[in-house]
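**Q** Supplied in structure tokens, the structure appears directly below.
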Amino acid sequence: MKEITITAPDDWHLHFRDNDLLAETVPATARCFKRAVAMPNLVPPVINAEMALAYRTRIKAAVPEGQSFEPIMTLYLTNETSQQDIIEAKDANILAAKLYPAGATTNSDKAVNAISTLYPVFKTMSDQGMLLLIHGEVTESHVDIFDREKQFIDDYLIEITQRFPDLKIVFEHITTADAADFVLAGSENIAATITPQHLLLNRNDLLVGGIRPHNYCLPVLKRDTHQKRLCEVAVSGNNKFFLGTDSAPHTREAKESNCGCAGCYSAWGAIELYAQIFDDLGALNKLEGFASHFGADFYGLDRNNEELTLVKDAWLMPELIELSNKQKIVPFHAGQSLAWQVKVK
Ligand code: NCD
Ligand code: ZN
């Protein structure tokens with residue numbers, strides 16, 4: 001049996017959702033992560049400091065007794081976001097704001113449809129030292145869904161990075177070699193998160209032998225050459241790439257539907273899956289940087305003091321998670337074996 005001890009990790013991108021669901025999602029993440037960046041795409045979205053602080057209180061109330069866990073709050077940018085909103089958010093210790101192009105993903109209909117109109121807001125964010133988190137996909141209907149991330153780089157990201165060289169940007173959940181190479185070639189102010197599903201899977205896992213709705217997330221899984229490039233940069237030890245699960249629960253009915261929702265609920269096996277990926281790639285010694293150091297460094301926060309031990313001891317992800325209201329969620333990797341588990345102290 002193998003064991004590895006690392007600085008306690010953080011999740012730099014996930015979706016807790018709200019209200020009753022917090023009793024499921026917050027403990028599932030707090031069991032292995034000390035902090036997590038809470039995405040603001042609630043209904044209605046988290047658009048100002050007051051809403052973010054109230055949401056933070058609801059998340060904190062769901063942290064199990066005796067555990068230390070800190071949500072990192074974010075603001076949802078809309079066409080109406082003002083420079084004043086940013087200043088107030090920064091004063092309230094909200095570290096980042098999220099840019100969703102309108103219509104790009106789950107609950108993004110209130111988001112931004114003319115990115116350049118937000119340039120004054122980006123300027124204020126840059127001055128205030130607030131991070132810009134980007135869902136990098138164009139939404140024009142004529143653009144093929146597999147090309148939307150690359151097109152976003154060409155149409156928007158190149159210009160944003162050139163205009164705002166001091167703005168810290170996280171290119172979230174990257175899915176292509178193009179995105180990995182863009183981040184690599186960029187300044188020290190651009191970094192990226194990578195999910196377990198984009199390291200483990202490619203589009204064959206979505207479409208061959210039948211449609212697999214539980215592997216459907218956005219940005220959509222790409223071809224295997226992209227998956228391989230993401231794996232290369234994730235295990236490279238380069239501090240521009242760090243952990244962000246994008247854990248995003250939807251009910252079973254919402255996923256297994258005529259028009260299924262995008263999002264994989266990976267919290268139950270998050271750090272374990274990354275350990276498996278790094279182990280399979282012969283790079284377990286690079287897991288700690290990716291999972292526990294680089295994200296905190298990029299956000300300008302201290303690294304965690306605690307440690308987490310993982311043991312190589314196989315277990316099965318349940319087929320189904322049942323919520324107290326009887327709704328069911330199919331977790332990512334349901335019914336499959338995971339090689340690593342968190343050692344309980
Ligand atoms: C996320 C969700 O369900 O909120 N879905 C997803 O497929 N990743 C939204 C997002 O991060 O795009
Ligand atoms: Zn997300």
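How things are named: the first chain in the structure tokens is A, the next is B, and so on; residues count from 1 in each chain; ligands count from 1 in the order shown.
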Write out as a short mmCIF file (atom, residue, chain, number, x, y, z; two decimals) with N, CA, C and O atoms, in the first residue's frame each polymer residue whose atoms come within 7 Å of range 50-56 of chain A, counting only C-alpha atoms; drop sequence neighbours fewer than 3 positions from it.

**A**
data_model
loop_
_atom_site.label_atom_id
_atom_site.label_comp_id
_atom_site.auth_asym_id
_atom_site.auth_seq_id
_atom_site.Cartn_x
_atom_site.Cartn_y
_atom_site.Cartn_z
N VAL A 46 -25.14 35.97 -7.86
CA VAL A 46 -24.52 36.76 -6.79
C VAL A 46 -23.83 37.96 -7.42
O VAL A 46 -22.72 37.84 -7.94
N ILE A 47 -24.51 39.13 -7.42
CA ILE A 47 -23.99 40.25 -8.22
C ILE A 47 -23.41 41.39 -7.40
O ILE A 47 -22.93 42.36 -7.97
N ILE A 59 -23.13 29.22 3.40
CA ILE A 59 -22.14 28.14 3.19
C ILE A 59 -21.49 27.78 4.52
O ILE A 59 -21.38 26.60 4.88
N LYS A 60 -21.07 28.80 5.26
CA LYS A 60 -20.38 28.55 6.54
C LYS A 60 -21.28 27.76 7.50
O LYS A 60 -20.80 26.91 8.26
N PRO A 71 -14.97 29.28 2.54
CA PRO A 71 -15.32 29.55 1.15
C PRO A 71 -14.68 30.85 0.68
O PRO A 71 -14.57 31.80 1.46
N MET A 73 -15.28 33.82 -1.79
CA MET A 73 -16.47 34.29 -2.49
C MET A 73 -16.12 35.04 -3.78
O MET A 73 -15.06 35.65 -3.92
N THR A 74 -17.06 34.98 -4.72
CA THR A 74 -16.87 35.62 -6.02
C THR A 74 -18.13 36.40 -6.41
O THR A 74 -19.22 36.12 -5.91
N LEU A 75 -17.92 37.34 -7.31
CA LEU A 75 -19.02 38.15 -7.83
C LEU A 75 -19.30 37.72 -9.27
O LEU A 75 -18.38 37.39 -10.00
#

**Q** Just want the residues within 6 Å of ligand 1, written as a list of chain:residue names, counting only C-alpha atoms and all ligand atoms.

**A**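 If we count only C-alpha atoms and all ligand atoms, the neighbours of ligand 1 turn out to be A:His15, A:Thr105, A:Thr106, A:Cys217, A:Leu218, A:Asp246, A:Ala248, A:Ala262, A:Gly263.
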
**Q** Just the selected residues (C-alpha atoms), exported as a compact mmCIF listing (two decimals), in the first residue's frame, please.

**A**
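Okay, selection14.txt is ready:
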# COMPACT_ATOMS: atom_id res chain seq x y z
CA HIS A 15 -20.48 25.11 -7.48
CA THR A 105 -23.36 27.50 -19.45
CA THR A 106 -25.69 26.70 -16.54
CA CYS A 217 -19.99 19.36 -18.72
CA LEU A 218 -19.04 22.68 -20.20
CA ASP A 246 -15.77 22.48 -11.26
CA ALA A 248 -21.38 21.02 -10.23
CA ALA A 262 -23.99 20.41 -18.04
CA GLY A 263 -21.97 19.67 -14.92

**Q** Can you write out as CSV which residues of chain A fall within 12 Å of ligand 2, alongside each residue's closest atom pair and its distance in Å to one decimal, counting only C-alpha atoms and all ligand atoms and ordering rows by chain and ascending residue number?

**A**
residue,atom,partner,partner_atom_place_in_ligand_line,distance
A:Asp11,CA,ligand 2,1 (Zn),11.4
A:Trp12,CA,ligand 2,1 (Zn),10.0
A:His13,CA,ligand 2,1 (Zn),6.3
A:Leu14,CA,ligand 2,1 (Zn),5.6
A:His15,CA,ligand 2,1 (Zn),6.2
A:Phe16,CA,ligand 2,1 (Zn),10.0
A:Arg17,CA,ligand 2,1 (Zn),10.9
A:Val37,CA,ligand 2,1 (Zn),10.0
A:Ala38,CA,ligand 2,1 (Zn),9.1
A:Met39,CA,ligand 2,1 (Zn),6.6
A:Pro40,CA,ligand 2,1 (Zn),9.3
A:Asn41,CA,ligand 2,1 (Zn),8.6
A:Leu42,CA,ligand 2,1 (Zn),11.4
A:Lys98,CA,ligand 2,1 (Zn),9.9
A:Leu99,CA,ligand 2,1 (Zn),11.1
A:Tyr100,CA,ligand 2,1 (Zn),9.8
A:Ala104,CA,ligand 2,1 (Zn),10.9
A:Thr105,CA,ligand 2,1 (Zn),8.5
A:Thr106,CA,ligand 2,1 (Zn),8.5
A:Asn107,CA,ligand 2,1 (Zn),10.5
A:Ser108,CA,ligand 2,1 (Zn),10.8
A:Leu133,CA,ligand 2,1 (Zn),10.3
A:Ile134,CA,ligand 2,1 (Zn),9.8
A:His135,CA,ligand 2,1 (Zn),7.8
A:Gly136,CA,ligand 2,1 (Zn),11.0
A:Phe171,CA,ligand 2,1 (Zn),11.3
A:Glu172,CA,ligand 2,1 (Zn),7.7
A:His173,CA,ligand 2,1 (Zn),7.3
A:Ile174,CA,ligand 2,1 (Zn),10.8
A:Thr193,CA,ligand 2,1 (Zn),10.3
A:Ile194,CA,ligand 2,1 (Zn),10.7
A:Thr195,CA,ligand 2,1 (Zn),9.4
A:Cys217,CA,ligand 2,1 (Zn),8.9
A:Leu218,CA,ligand 2,1 (Zn),7.9
A:Pro219,CA,ligand 2,1 (Zn),9.1
A:Val220,CA,ligand 2,1 (Zn),11.9
A:Gly244,CA,ligand 2,1 (Zn),8.7
A:Thr245,CA,ligand 2,1 (Zn),8.1
A:Asp246,CA,ligand 2,1 (Zn),4.4
A:Ser247,CA,ligand 2,1 (Zn),7.0
A:Ala248,CA,ligand 2,1 (Zn),6.6
A:Pro249,CA,ligand 2,1 (Zn),10.3
A:Ala262,CA,ligand 2,1 (Zn),9.6
A:Gly263,CA,ligand 2,1 (Zn),7.6
A:Cys264,CA,ligand 2,1 (Zn),9.4
A:Tyr265,CA,ligand 2,1 (Zn),10.6
A:Ser266,CA,ligand 2,1 (Zn),11.6

**Q** Per DSSP on the backbone, what are the alpha helix (DSSP H) residues of range 17-241 of chain A, as a PyMOL selection string?

**A** chain A and resi 22-30+49-61+83-91+119-128+148-152+158-163+177-185+196-200+204-207+224-234

**Q** Neighbouring residues of Cys259 in chain A were defined as those with any atom within 10 Å, considering only C-alpha atoms; residues of the same chain fewer than 4 positions away were excluded. Please report them as a PyMOL selection string.

**A** chain A and resi 213+254-255

**Q** Using only C-alpha atoms, pick whichever of A:Ala114, A:Asp85, A:Gly129, A:Gln327 has the shortest atom-to-atom distance to Glu253 in chain A.

**A**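 Among the listed residues, A:Gln327 lies closest to Glu253 in chain A.
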
**Q** Might you pull out every residue within 8 Å of Val183 in chain A, with only C-alpha atoms counted and same-chain residues fewer than 4 positions away left off, and present them as a PDB file with N, CA and C atoms, in the first residue's frame?

**A**
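What follows is the written file selection15.pdb:
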ATOM      1  N   PHE A 171      -8.033  31.453 -16.281  1.00  0.00           N
ATOM      2  CA  PHE A 171      -8.754  30.832 -17.394  1.00  0.00           C
ATOM      3  C   PHE A 171      -9.289  29.521 -16.791  1.00  0.00           C
ATOM      4  N   ALA A 179      -5.663  26.354 -25.142  1.00  0.00           N
ATOM      5  CA  ALA A 179      -5.755  27.118 -23.891  1.00  0.00           C
ATOM      6  C   ALA A 179      -4.499  26.898 -23.046  1.00  0.00           C
ATOM      7  N   SER A 187       1.846  36.042 -19.527  1.00  0.00           N
ATOM      8  CA  SER A 187       2.623  36.603 -18.423  1.00  0.00           C
ATOM      9  C   SER A 187       2.338  35.827 -17.138  1.00  0.00           C
ATOM     10  N   ILE A 190      -1.468  35.311 -15.783  1.00  0.00           N
ATOM     11  CA  ILE A 190      -2.522  34.411 -16.258  1.00  0.00           C
ATOM     12  C   ILE A 190      -2.212  32.974 -15.870  1.00  0.00           C
ATOM     13  N   ALA A 191      -3.256  32.331 -15.314  1.00  0.00           N
ATOM     14  CA  ALA A 191      -3.126  30.943 -14.860  1.00  0.00           C
ATOM     15  C   ALA A 191      -4.402  30.207 -15.273  1.00  0.00           C
ATOM     16  N   ALA A 192      -4.471  28.911 -14.961  1.00  0.00           N
ATOM     17  CA  ALA A 192      -5.649  28.130 -15.368  1.00  0.00           C
ATOM     18  C   ALA A 192      -5.952  27.055 -14.339  1.00  0.00           C
ATOM     19  N   LYS A 240       1.468  27.762 -13.142  1.00  0.00           N
ATOM     20  CA  LYS A 240       0.315  28.411 -13.780  1.00  0.00           C
ATOM     21  C   LYS A 240      -0.910  27.504 -13.835  1.00  0.00           C
TER      22      LYS A 240
END

**Q** Can you measure CA of Asp205 in chain A to CA of Arg223 in chain A for me? One decimal in Å is fine.

**A**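 About the pair CA of Asp205 in chain A and CA of Arg223 in chain A: they are 9.8 Å apart.
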
**Q** At what distance in Å, to one decimal, does CA of His226 in chain A lie from CA of Thr176 in chain A?

**A** 4.8 Å

**Q** Of the candidates A:Asn202, A:Thr117, A:Asn304, A:Asp127, which shows the shortest atom-to-atom distance to Phe146 in chain A, using only C-alpha atoms?

**A** A:Asn202

**Q** Nearest residue to Phe242 in chain A out of A:Tyr216, A:Phe294, A:Phe33, A:Phe278, using only C-alpha atoms?

**A**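 Of A:Tyr216, A:Phe294, A:Phe33, A:Phe278, the one nearest Phe242 in chain A, counting only C-alpha atoms, is A:Phe294.
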
**Q** Hey, can you check how far CA of His198 in chain A sits from CA of Cys231 in chain A?

**A**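 A separation of 8.6 Å between them.
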
**Q** For range 2-7 of chain A, please output as number ranges by chain all residues within 7 Å (counting only C-alpha atoms; exclusion window: fewer than 5 positions along the same chain).

**A** A: 288, 292, 304-312

**Q** Would you please give, as a ChimeraX atom specification, all residues of range 36-281 of chain A that DSSP assigns to strand (DSSP E or B) based on the backbone?

**A** /A:36-38,70-76,96-99,101,112,131-134,169-171,190-194,241-243,247,264

**Q** Just the selected residues (N, CA and C atoms), exported as an mmCIF file, in the first residue's frame, please.

**A**
data_model
loop_
_atom_site.group_PDB
_atom_site.id
_atom_site.type_symbol
_atom_site.label_atom_id
_atom_site.label_comp_id
_atom_site.auth_asym_id
_atom_site.auth_seq_id
_atom_site.Cartn_x
_atom_site.Cartn_y
_atom_site.Cartn_z
ATOM 1 N N ALA A 36 -12.410 26.725 -0.808
ATOM 2 C CA ALA A 36 -12.904 26.510 -2.167
ATOM 3 C C ALA A 36 -13.481 27.809 -2.705
ATOM 4 N N VAL A 37 -13.230 28.055 -3.973
ATOM 5 C CA VAL A 37 -13.775 29.234 -4.638
ATOM 6 C C VAL A 37 -15.198 28.918 -5.071
ATOM 7 N N ALA A 38 -16.142 29.628 -4.462
ATOM 8 C CA ALA A 38 -17.571 29.355 -4.664
ATOM 9 C C ALA A 38 -18.080 30.158 -5.854
ATOM 10 N N GLU A 70 -13.023 27.385 4.675
ATOM 11 C CA GLU A 70 -13.321 28.760 4.276
ATOM 12 C C GLU A 70 -13.748 28.827 2.814
ATOM 13 N N PRO A 71 -14.966 29.283 2.542
ATOM 14 C CA PRO A 71 -15.322 29.548 1.152
ATOM 15 C C PRO A 71 -14.681 30.851 0.682
ATOM 16 N N ILE A 72 -14.242 30.879 -0.544
ATOM 17 C CA ILE A 72 -13.713 32.110 -1.137
ATOM 18 C C ILE A 72 -14.785 32.622 -2.095
ATOM 19 N N MET A 73 -15.275 33.818 -1.794
ATOM 20 C CA MET A 73 -16.471 34.294 -2.489
ATOM 21 C C MET A 73 -16.119 35.036 -3.780
ATOM 22 N N THR A 74 -17.058 34.984 -4.719
ATOM 23 C CA THR A 74 -16.867 35.616 -6.020
ATOM 24 C C THR A 74 -18.125 36.397 -6.406
ATOM 25 N N LEU A 75 -17.920 37.337 -7.313
ATOM 26 C CA LEU A 75 -19.022 38.150 -7.832
ATOM 27 C C LEU A 75 -19.301 37.722 -9.266
ATOM 28 N N TYR A 76 -20.557 37.767 -9.640
ATOM 29 C CA TYR A 76 -20.980 37.403 -11.003
ATOM 30 C C TYR A 76 -21.078 38.687 -11.824
ATOM 31 N N ALA A 96 -12.522 37.808 -6.098
ATOM 32 C CA ALA A 96 -12.552 37.558 -7.537
ATOM 33 C C ALA A 96 -13.938 37.819 -8.106
ATOM 34 N N ALA A 97 -13.983 38.069 -9.410
ATOM 35 C CA ALA A 97 -15.262 38.188 -10.118
ATOM 36 C C ALA A 97 -15.226 37.280 -11.330
ATOM 37 N N LYS A 98 -16.399 36.714 -11.636
ATOM 38 C CA LYS A 98 -16.469 35.692 -12.682
ATOM 39 C C LYS A 98 -17.150 36.236 -13.926
ATOM 40 N N LEU A 99 -16.495 36.037 -15.047
ATOM 41 C CA LEU A 99 -17.065 36.438 -16.338
ATOM 42 C C LEU A 99 -17.621 35.210 -17.059
ATOM 43 N N PRO A 101 -19.660 34.525 -20.466
ATOM 44 C CA PRO A 101 -20.350 35.064 -21.650
ATOM 45 C C PRO A 101 -21.807 34.604 -21.605
ATOM 46 N N VAL A 112 -22.826 38.375 -19.364
ATOM 47 C CA VAL A 112 -22.348 39.497 -20.157
ATOM 48 C C VAL A 112 -22.484 39.234 -21.656
ATOM 49 N N LEU A 131 -9.141 39.402 -8.766
ATOM 50 C CA LEU A 131 -8.908 38.468 -9.873
ATOM 51 C C LEU A 131 -10.121 38.384 -10.801
ATOM 52 N N LEU A 132 -9.842 38.194 -12.085
ATOM 53 C CA LEU A 132 -10.900 37.944 -13.067
ATOM 54 C C LEU A 132 -10.879 36.451 -13.419
ATOM 55 N N LEU A 133 -12.003 35.780 -13.142
ATOM 56 C CA LEU A 133 -12.135 34.353 -13.452
ATOM 57 C C LEU A 133 -12.990 34.241 -14.712
ATOM 58 N N ILE A 134 -12.520 33.506 -15.690
ATOM 59 C CA ILE A 134 -13.202 33.517 -16.993
ATOM 60 C C ILE A 134 -13.672 32.136 -17.420
ATOM 61 N N ILE A 169 -5.700 36.927 -14.099
ATOM 62 C CA ILE A 169 -6.786 36.208 -14.775
ATOM 63 C C ILE A 169 -6.624 34.703 -14.562
ATOM 64 N N VAL A 170 -7.726 34.051 -14.173
ATOM 65 C CA VAL A 170 -7.743 32.588 -14.178
ATOM 66 C C VAL A 170 -8.640 32.131 -15.324
ATOM 67 N N PHE A 171 -8.033 31.453 -16.281
ATOM 68 C CA PHE A 171 -8.754 30.832 -17.394
ATOM 69 C C PHE A 171 -9.289 29.521 -16.791
ATOM 70 N N ILE A 190 -1.468 35.311 -15.783
ATOM 71 C CA ILE A 190 -2.522 34.411 -16.258
ATOM 72 C C ILE A 190 -2.212 32.974 -15.870
ATOM 73 N N ALA A 191 -3.256 32.331 -15.314
ATOM 74 C CA ALA A 191 -3.126 30.943 -14.860
ATOM 75 C C ALA A 191 -4.402 30.207 -15.273
ATOM 76 N N ALA A 192 -4.471 28.911 -14.961
ATOM 77 C CA ALA A 192 -5.649 28.130 -15.368
ATOM 78 C C ALA A 192 -5.952 27.055 -14.339
ATOM 79 N N THR A 193 -7.248 26.754 -14.214
ATOM 80 C CA THR A 193 -7.641 25.579 -13.435
ATOM 81 C C THR A 193 -7.930 24.433 -14.404
ATOM 82 N N ILE A 194 -7.766 23.200 -13.890
ATOM 83 C CA ILE A 194 -8.051 22.010 -14.708
ATOM 84 C C ILE A 194 -8.880 21.040 -13.860
ATOM 85 N N PHE A 241 -0.756 26.242 -13.484
ATOM 86 C CA PHE A 241 -1.862 25.288 -13.591
ATOM 87 C C PHE A 241 -2.171 24.718 -12.214
ATOM 88 N N PHE A 242 -3.437 24.852 -11.803
ATOM 89 C CA PHE A 242 -3.785 24.327 -10.484
ATOM 90 C C PHE A 242 -5.187 23.746 -10.443
ATOM 91 N N LEU A 243 -5.509 23.173 -9.286
ATOM 92 C CA LEU A 243 -6.714 22.359 -9.115
ATOM 93 C C LEU A 243 -7.990 23.205 -9.040
ATOM 94 N N SER A 247 -16.786 20.976 -9.654
ATOM 95 C CA SER A 247 -17.846 20.096 -9.151
ATOM 96 C C SER A 247 -19.172 20.854 -9.219
ATOM 97 N N CYS A 264 -20.560 18.043 -13.778
ATOM 98 C CA CYS A 264 -20.218 16.753 -13.156
ATOM 99 C C CYS A 264 -20.042 16.985 -11.661
#

**Q** So which residues touch Gly335 in chain A within 12 Å, counting only C-alpha atoms, skipping near sequence neighbours fewer than 6 positions away, as a VMD selection string?

**A** chain A and resid 214 269 315 to 321

**Q** Between range 139-197 of chain A and range 118-125 of chain A, at 10 Å or less, what are the per-residue closest atom pairs and their distances in Å? Count only C-alpha atoms, order by chain and rising residue number, and return it as JSON lines.

**A**
{"residue": "A:Ile160", "atom": "CA", "partner": "A:Tyr119", "partner_atom": "CA", "distance": 8.3}
{"residue": "A:Arg163", "atom": "CA", "partner": "A:Tyr119", "partner_atom": "CA", "distance": 8.8}
{"residue": "A:Phe164", "atom": "CA", "partner": "A:Lys123", "partner_atom": "CA", "distance": 7.0}
{"residue": "A:Asp166", "atom": "CA", "partner": "A:Lys123", "partner_atom": "CA", "distance": 9.2}
{"residue": "A:Leu167", "atom": "CA", "partner": "A:Met125", "partner_atom": "CA", "distance": 7.0}
{"residue": "A:Lys168", "atom": "CA", "partner": "A:Met125", "partner_atom": "CA", "distance": 8.8}

**Q** So which one's closest to Tyr156 in chain A, A:Asp224, A:Asp313, A:Glu80, A:Glu137? Using only C-alpha atoms, please.

**A**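 Of A:Asp224, A:Asp313, A:Glu80, A:Glu137, the one nearest Tyr156 in chain A is A:Glu137, counting only C-alpha atoms.
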
**Q** Select, from A:Phe298, A:Ala270, A:His250, A:Asp109, the residue with the minimum atom-to-atom distance to Val342 in chain A, counting only C-alpha atoms.

**A**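 The closest residue to Val342 in chain A is A:Ala270.
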
**Q** Restricting the calculation to only C-alpha atoms: of A:Glu272, A:Glu24, A:Asp91, A:Asp147, which residue gets closest to Lys222 in chain A?

**A**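 Checking each candidate against Lys222 in chain A, we get A:Asp147 as the closest.
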